[in-house]
Amino acid sequence: MRVLSPLTLCMIVAAPLLLSLPASAQSAPSDADKKAVVQQQKENEDAESLCRVIKEKADYEKCLELYFLDQEQFRAFLDAHKPKSAPKG
């Protein structure tokens, strides 16, 4: 009779355990991960739509940055950089 190496014994024991893992635990993203991605995409779209009124690229990028870092500063920045409407007269 042949003696099996410790590595071979580990493989024999581990293989059925690995095969018994549920499919979702192996690599599929969870529902929470999917929801987080969707939420992040929505926030990105919201920020872009609010900052789109700013024409200068540097100010636009600063607007996007503030959206995610500080909502108070974001609102103040957005108000300060909105295009001025022509006075009616």
# chains A, B, ... in the order shown; residues from 1 in each chain; ligands from 1
call {"tool": "residues_around", "arguments": {"residues": "A:Asn44", "least_positions_apart": "5", "cutoff": "10 Å", "atoms": "only C-alpha atoms", "output": "list in words"}}
result
Val38, Gln39, Ser49, Leu64, Tyr67 and Phe68 of chain A
call {"tool": "residues_around", "arguments": {"residues": "stretch 72-78 of chain A", "least_positions_apart": "5", "cutoff": "8 Å", "atoms": "only C-alpha atoms", "output": "list in words"}}
result
Cys51, Cys63, Leu66 and Tyr67 of chain A
call {"tool": "write_last_selection", "arguments": {"atoms": "C-alpha atoms", "output": "mmCIF file, in the first residue's frame"}}
result
data_model
loop_
_atom_site.group_PDB
_atom_site.id
_atom_site.type_symbol
_atom_site.label_atom_id
_atom_site.label_comp_id
_atom_site.auth_asym_id
_atom_site.auth_seq_id
_atom_site.Cartn_x
_atom_site.Cartn_y
_atom_site.Cartn_z
ATOM 1 C CA CYS A 51 -23.079 71.247 -11.896
ATOM 2 C CA CYS A 63 -18.474 71.710 -8.125
ATOM 3 C CA LEU A 66 -17.779 69.645 -3.366
ATOM 4 C CA TYR A 67 -20.970 67.681 -4.065
#
call {"tool": "atom_distance", "arguments": {"atom1": "atom CA of A:Asp33", "atom2": "atom CA of A:Glu65"}}
result
23.3 Å
call {"tool": "atom_distance", "arguments": {"atom1": "atom CA of A:Lys82", "atom2": "atom CA of A:Ile54"}}
result
6.4 Å
call {"tool": "atom_distance", "arguments": {"atom1": "atom CA of A:Pro29", "atom2": "atom CA of A:Asp46"}}
result
24.8 Å
